[in-house]
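Working notes for the structure below.
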Amino acid sequence: MRRFQFIRNPLATQIGANVEEFLRALSGPACFYLDGEDAGRTRALVTLLHGNEPSGVMALFRWLKSGQKPAVNIVCIVASVPAALAPPLFSQRMLPRARDLNRCFRPPFDDAQGALAEEVLEILHLHRPEAVIDLHNTSGSGPSFGVCTHLDRHHDALVSLFTRRLIISNLRLGALMEISEHSYPTVTVEVGGRLDVAAHELAWEGLCRYFTAARVLDEPGRDWGLEVLRDPVRLELQEHVTLTYADAPSPAYDITLKTDIEHHNFGIVTPTTPLGWASSPERSLFAAKDAGGRCAVNRLVRIEGGLIYPARPLRLFMITNNAAIASADCLLYAVADDGAPLA
Ligand SMILES: [Zn+2]
């Protein structure tokens with residue numbers, strides 16, 4: 001069964017007056033093909049893998065409205081349209097009971113989300129793009145950054161179209177960017193918080209650079225001056241542990257995190273920075289594994305006198321302030337404060 005509808009060179013007058021009309025008309029996953037000035041090369045843009053992350057599709061809509069022609073052919077994949085349209089607009093990462101689509105880019109592809117991911121991969125293989133950029137928003141507010149699986153000069157160059165911060169992740173979760181290891185240079189770009197106007201602008205500016213530049217891959221000898229953070233560890237909840245966000249401890253929950261915890265995104269937290277409240281032992285509440293598969297909880301958090309503190313100076317990012325996402329995915333990512341792996 002084909003899930004994607006294919007649309008070639010849509011006219012600005014055919015795509016609705018705003019991004020909501022645009023998505024309503026699509027109603028399901030869509031793949032746009034835009035002919036470029038140089039018909040011999042193709043780049044791919046993937047967005048809306050998560051239905052609550054609007055910046056990428058807003059930027060694409062703005063591009064289509066502008067009537068411009070890209071420098072090379074562009075394949076644009078807009079994936080989780082039904083989740084985005086579930087009311088209220090852009091509120092749901094995925095539909096109820098569906099798997100997270102950005103965890104489905106590896107076999108088995110045997111459910112609906114897996115089949116959708118497999119079709120995204122088939123579209124990419126068909127077009128053999130010179131690069132793939134997957135645009136996301138963070139659920140909490142915070143600065144932009146790129147993520148890729150290993151450092152090479154192409155990844156540096158692609159991320160630099162959008163941001164100066166790069167995370168090299170050895171986590172293998174089934175995310176789209178993991179295809180980079182055996183196919184095209186692929187990076188994830190998190191343009192900032194899903195509700196931040198600055199994130200929408202950055203998505204637009206970066207998309208324009210990606211679509212219009214004659215070259216987006218490495219120029220030999222160029223130093224992009226990126227700040228690189230390596231091998232983050234994910235802090236997750238143990239099963240059945242309850243979590244809320246508040247400015248004072250909520251006794252009905254196992255863990256209360258401070259409502260402003262997302263303000264620590266990319267900042268350094270020290271062992272005296274309170275993150276929230278809990279009273280059970282760390283390892284009964286939290287789960288975390290380092291690159292070697294060992295438990296890293298006690299390297300991340302310490303509970304003392306009913307307060308949760310970082311166990312050591314850390315840089316935190318992807319901090320969510322949404323309890324459902326924290327339970328289904330993770331609370332935050334962390335590296336040591338110098339950007340090095342948490343050994
Ligand atoms: Zn996302």
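Lettering and numbering for the structure tokens are positional, with chains as A, B, ... in the shown order, residues counted from 1 in each chain, and ligands counted from 1 in the shown order.
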Contacts of chain A with ligand 1 up to 12 Å, shortest pair per row, only C-alpha atoms and all ligand atoms, as JSON lines:
{"residue": "A:Val46", "atom": "CA", "partner": "ligand 1", "partner_atom_place_in_ligand_line": "1 (Zn)", "distance": 10.9}
{"residue": "A:Thr47", "atom": "CA", "partner": "ligand 1", "partner_atom_place_in_ligand_line": "1 (Zn)", "distance": 8.6}
{"residue": "A:Leu48", "atom": "CA", "partner": "ligand 1", "partner_atom_place_in_ligand_line": "1 (Zn)", "distance": 7.5}
{"residue": "A:Leu49", "atom": "CA", "partner": "ligand 1", "partner_atom_place_in_ligand_line": "1 (Zn)", "distance": 6.4}
{"residue": "A:His50", "atom": "CA", "partner": "ligand 1", "partner_atom_place_in_ligand_line": "1 (Zn)", "distance": 4.9}
{"residue": "A:Gly51", "atom": "CA", "partner": "ligand 1", "partner_atom_place_in_ligand_line": "1 (Zn)", "distance": 8.2}
{"residue": "A:Asn52", "atom": "CA", "partner": "ligand 1", "partner_atom_place_in_ligand_line": "1 (Zn)", "distance": 7.9}
{"residue": "A:Glu53", "atom": "CA", "partner": "ligand 1", "partner_atom_place_in_ligand_line": "1 (Zn)", "distance": 6.3}
{"residue": "A:Pro54", "atom": "CA", "partner": "ligand 1", "partner_atom_place_in_ligand_line": "1 (Zn)", "distance": 9.6}
{"residue": "A:Ser55", "atom": "CA", "partner": "ligand 1", "partner_atom_place_in_ligand_line": "1 (Zn)", "distance": 10.5}
{"residue": "A:Gly56", "atom": "CA", "partner": "ligand 1", "partner_atom_place_in_ligand_line": "1 (Zn)", "distance": 10.3}
{"residue": "A:Ala79", "atom": "CA", "partner": "ligand 1", "partner_atom_place_in_ligand_line": "1 (Zn)", "distance": 11.5}
{"residue": "A:Ser80", "atom": "CA", "partner": "ligand 1", "partner_atom_place_in_ligand_line": "1 (Zn)", "distance": 10.7}
{"residue": "A:Phe90", "atom": "CA", "partner": "ligand 1", "partner_atom_place_in_ligand_line": "1 (Zn)", "distance": 11.9}
{"residue": "A:Gln92", "atom": "CA", "partner": "ligand 1", "partner_atom_place_in_ligand_line": "1 (Zn)", "distance": 11.0}
{"residue": "A:Arg93", "atom": "CA", "partner": "ligand 1", "partner_atom_place_in_ligand_line": "1 (Zn)", "distance": 7.7}
{"residue": "A:Met94", "atom": "CA", "partner": "ligand 1", "partner_atom_place_in_ligand_line": "1 (Zn)", "distance": 10.2}
{"residue": "A:Asp100", "atom": "CA", "partner": "ligand 1", "partner_atom_place_in_ligand_line": "1 (Zn)", "distance": 9.2}
{"residue": "A:Leu101", "atom": "CA", "partner": "ligand 1", "partner_atom_place_in_ligand_line": "1 (Zn)", "distance": 9.1}
{"residue": "A:Asn102", "atom": "CA", "partner": "ligand 1", "partner_atom_place_in_ligand_line": "1 (Zn)", "distance": 7.3}
{"residue": "A:Arg103", "atom": "CA", "partner": "ligand 1", "partner_atom_place_in_ligand_line": "1 (Zn)", "distance": 10.3}
{"residue": "A:Asp134", "atom": "CA", "partner": "ligand 1", "partner_atom_place_in_ligand_line": "1 (Zn)", "distance": 8.9}
{"residue": "A:Leu135", "atom": "CA", "partner": "ligand 1", "partner_atom_place_in_ligand_line": "1 (Zn)", "distance": 7.6}
{"residue": "A:His136", "atom": "CA", "partner": "ligand 1", "partner_atom_place_in_ligand_line": "1 (Zn)", "distance": 4.5}
{"residue": "A:Asn137", "atom": "CA", "partner": "ligand 1", "partner_atom_place_in_ligand_line": "1 (Zn)", "distance": 5.6}
{"residue": "A:Thr138", "atom": "CA", "partner": "ligand 1", "partner_atom_place_in_ligand_line": "1 (Zn)", "distance": 6.5}
{"residue": "A:Ser139", "atom": "CA", "partner": "ligand 1", "partner_atom_place_in_ligand_line": "1 (Zn)", "distance": 7.9}
{"residue": "A:Gly140", "atom": "CA", "partner": "ligand 1", "partner_atom_place_in_ligand_line": "1 (Zn)", "distance": 11.2}
{"residue": "A:Gly146", "atom": "CA", "partner": "ligand 1", "partner_atom_place_in_ligand_line": "1 (Zn)", "distance": 11.9}
{"residue": "A:Val147", "atom": "CA", "partner": "ligand 1", "partner_atom_place_in_ligand_line": "1 (Zn)", "distance": 11.5}
{"residue": "A:Ala175", "atom": "CA", "partner": "ligand 1", "partner_atom_place_in_ligand_line": "1 (Zn)", "distance": 9.8}
{"residue": "A:Leu176", "atom": "CA", "partner": "ligand 1", "partner_atom_place_in_ligand_line": "1 (Zn)", "distance": 10.7}
{"residue": "A:Met177", "atom": "CA", "partner": "ligand 1", "partner_atom_place_in_ligand_line": "1 (Zn)", "distance": 11.8}
{"residue": "A:Thr188", "atom": "CA", "partner": "ligand 1", "partner_atom_place_in_ligand_line": "1 (Zn)", "distance": 8.9}
{"residue": "A:Val189", "atom": "CA", "partner": "ligand 1", "partner_atom_place_in_ligand_line": "1 (Zn)", "distance": 9.2}
{"residue": "A:Glu190", "atom": "CA", "partner": "ligand 1", "partner_atom_place_in_ligand_line": "1 (Zn)", "distance": 7.5}
{"residue": "A:Val191", "atom": "CA", "partner": "ligand 1", "partner_atom_place_in_ligand_line": "1 (Zn)", "distance": 10.0}
{"residue": "A:Gly192", "atom": "CA", "partner": "ligand 1", "partner_atom_place_in_ligand_line": "1 (Zn)", "distance": 10.5}
{"residue": "A:Gly193", "atom": "CA", "partner": "ligand 1", "partner_atom_place_in_ligand_line": "1 (Zn)", "distance": 10.4}
{"residue": "A:Arg194", "atom": "CA", "partner": "ligand 1", "partner_atom_place_in_ligand_line": "1 (Zn)", "distance": 9.3}
{"residue": "A:Met318", "atom": "CA", "partner": "ligand 1", "partner_atom_place_in_ligand_line": "1 (Zn)", "distance": 10.3}
{"residue": "A:Thr320", "atom": "CA", "partner": "ligand 1", "partner_atom_place_in_ligand_line": "1 (Zn)", "distance": 11.7}
{"residue": "A:Ile325", "atom": "CA", "partner": "ligand 1", "partner_atom_place_in_ligand_line": "1 (Zn)", "distance": 10.9}
{"residue": "A:Asp329", "atom": "CA", "partner": "ligand 1", "partner_atom_place_in_ligand_line": "1 (Zn)", "distance": 11.1}
Using only C-alpha atoms, find the one residue out of A:Ala199, A:Ala288, A:Ile179, A:Ala157 that sits nearest to His125 (chain A).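 Result for the nearest residue to His125 (chain A): A:Ile179.
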Can you list, as a PyMOL selection string, every residue of region 37-220 of chain A that DSSP puts in strand (DSSP E or B)? chain A and resi 38-47+72-78+132-138+145-148+165-168+186-193
Who sits within 9 Å of Asp38 (chain A), only C-alpha atoms, same chain under 3 positions skipped, as an MDAnalysis selection string: chainID A and resid 35 41:42 70:73 214
For the selection just defined, write its residues with C-alpha atoms to a file, as a PDB file, in the first residue's frame.
ATOM      1  CA  ASP A  35      12.824  20.704 -10.040  1.00  0.00           C
ATOM      2  CA  ARG A  41      21.671  16.686  -8.365  1.00  0.00           C
ATOM      3  CA  THR A  42      19.069  16.209  -5.610  1.00  0.00           C
ATOM      4  CA  PRO A  70      15.894  25.733  -5.932  1.00  0.00           C
ATOM      5  CA  ALA A  71      19.534  25.382  -7.023  1.00  0.00           C
ATOM      6  CA  VAL A  72      19.210  21.598  -7.338  1.00  0.00           C
ATOM      7  CA  ASN A  73      16.266  19.194  -7.303  1.00  0.00           C
ATOM      8  CA  ALA A 214      25.364  25.700  -5.128  1.00  0.00           C
TER       9      ALA A 214
END
Might you pull out every residue within 10 Å of His154 (chain A), with only C-alpha atoms counted and same-chain residues fewer than 6 positions away left off, and present them as a PDB file with C-alpha atoms, in the first residue's frame?
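The file below, out-v3.pdb, is the result:
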ATOM      1  CA  ALA A 131      22.399  15.119   1.487  1.00  0.00           C
ATOM      2  CA  SER A 160      26.372  24.857   9.736  1.00  0.00           C
ATOM      3  CA  TYR A 184      23.832   9.710   2.347  1.00  0.00           C
ATOM      4  CA  PRO A 185      25.180  12.416   4.655  1.00  0.00           C
ATOM      5  CA  THR A 186      22.188  12.885   6.986  1.00  0.00           C
ATOM      6  CA  VAL A 187      21.745  15.210   9.921  1.00  0.00           C
ATOM      7  CA  VAL A 216      26.124  22.331   0.804  1.00  0.00           C
ATOM      8  CA  LEU A 217      28.728  19.663   1.453  1.00  0.00           C
ATOM      9  CA  ASP A 218      32.265  20.194   2.608  1.00  0.00           C
ATOM     10  CA  GLU A 219      34.717  22.574   1.050  1.00  0.00           C
ATOM     11  CA  PRO A 220      38.130  21.038   1.834  1.00  0.00           C
TER      12      PRO A 220
END
Just the residues within 9 Å of Ile123 (chain A), please, counting only C-alpha atoms, with nothing from its chain fewer than 6 positions along; format it as a ChimeraX atom specification. /A:31,75,77
I need the residues from that last selection saved to file as a JSON list (two decimals), in the first residue's frame (with N, CA and C atoms), if you can.
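As written to disk, result39.json reads:
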[["chain", "number", "residue", "atom", "x", "y", "z"],
["A", 31, "CYS", "N", 4.98, 13.73, -0.39],
["A", 31, "CYS", "CA", 6.34, 13.89, -0.89],
["A", 31, "CYS", "C", 6.30, 14.89, -2.04],
["A", 75, "VAL", "N", 13.75, 16.89, -2.89],
["A", 75, "VAL", "CA", 12.69, 15.99, -2.48],
["A", 75, "VAL", "C", 12.33, 16.36, -1.04],
["A", 77, "ILE", "N", 9.90, 15.50, 2.19],
["A", 77, "ILE", "CA", 8.99, 14.53, 2.79],
["A", 77, "ILE", "C", 8.32, 15.17, 4.01]]
Skipping near chain neighbours, those fewer than 4 positions away, what residues fall within 8 Å of Leu85 (chain A) using only C-alpha atoms, listed as an MDAnalysis selection string? chainID A and resid 20 23:24 27 51 81 89:90
Using only C-alpha atoms, which protein or nucleic acid residues come within 9 Å of region 294-298 of chain A? Drop anything in the same chain fewer than 2 positions from it, and give the result as a PyMOL selection string. chain A and resi 233+235+282-283+286-292+300-302+311+342-343
Serialized selection, C-alpha atoms, as a compact mmCIF listing (two decimals), in the first residue's frame:
# COMPACT_ATOMS: atom_id res chain seq x y z
CA VAL A 233 23.39 9.90 27.88
CA LEU A 235 17.96 10.22 31.48
CA GLU A 282 17.86 7.54 42.37
CA ARG A 283 17.96 4.14 40.68
CA PHE A 286 15.53 6.94 36.90
CA ALA A 287 17.19 4.84 34.20
CA ALA A 288 20.24 5.77 32.11
CA LYS A 289 22.87 3.81 30.21
CA ASP A 290 26.29 4.97 29.07
CA ALA A 291 27.86 4.02 25.74
CA GLY A 292 29.11 0.76 27.27
CA LEU A 300 23.73 12.06 36.40
CA VAL A 301 21.54 12.69 39.42
CA ARG A 302 21.73 12.66 43.22
CA ALA A 311 25.59 14.36 40.41
CA LEU A 342 30.06 10.77 30.54
CA ALA A 343 32.73 8.22 31.40
What's the separation between CA of Leu161 (chain A) and CA of Cys208 (chain A), in Å to one decimal place?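 Spanning CA of Leu161 (chain A) to CA of Cys208 (chain A) is a straight-line distance of 9.2 Å.
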Nearest to Gln68 (chain A): which of A:Ala336, A:Leu275, A:Ala252, A:Ala12 is it, counting only C-alpha atoms? A:Ala12
Separation of CA of Gln5 (chain A) from CA of Ala25 (chain A) in Å: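 Rounded to one decimal, the two atoms are 11.3 Å apart.
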To one decimal place in Å, what is the distance between CA of Trp224 (chain A) and CA of Cys148 (chain A)?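 One can read the CA of Trp224 (chain A) to CA of Cys148 (chain A) distance as 15.3 Å.
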Which of these, A:Ile74, A:Ala326, A:Leu195, A:Leu316, has the shortest distance to Glu236 (chain A) once you count only C-alpha atoms?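 The shortest atom-to-atom distance to Glu236 (chain A) comes from A:Ala326.
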Of A:Ala278, A:Leu64, A:Ile319, A:Val335, the one sitting nearest Ser141 (chain A) when using only C-alpha atoms is A:Ile319
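Nearest to Gly16 (chain A) of all the residues A:Leu45, A:Arg230, A:Phe61, A:Leu237 is A:Phe61, based on only C-alpha atoms.
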DSSP says helix (DSSP H, G or I) for which residues of region 52-155 of chain A? Put them as an MDAnalysis selection string? chainID A and resid 55:66 81:85 101:103 112:127 153:155
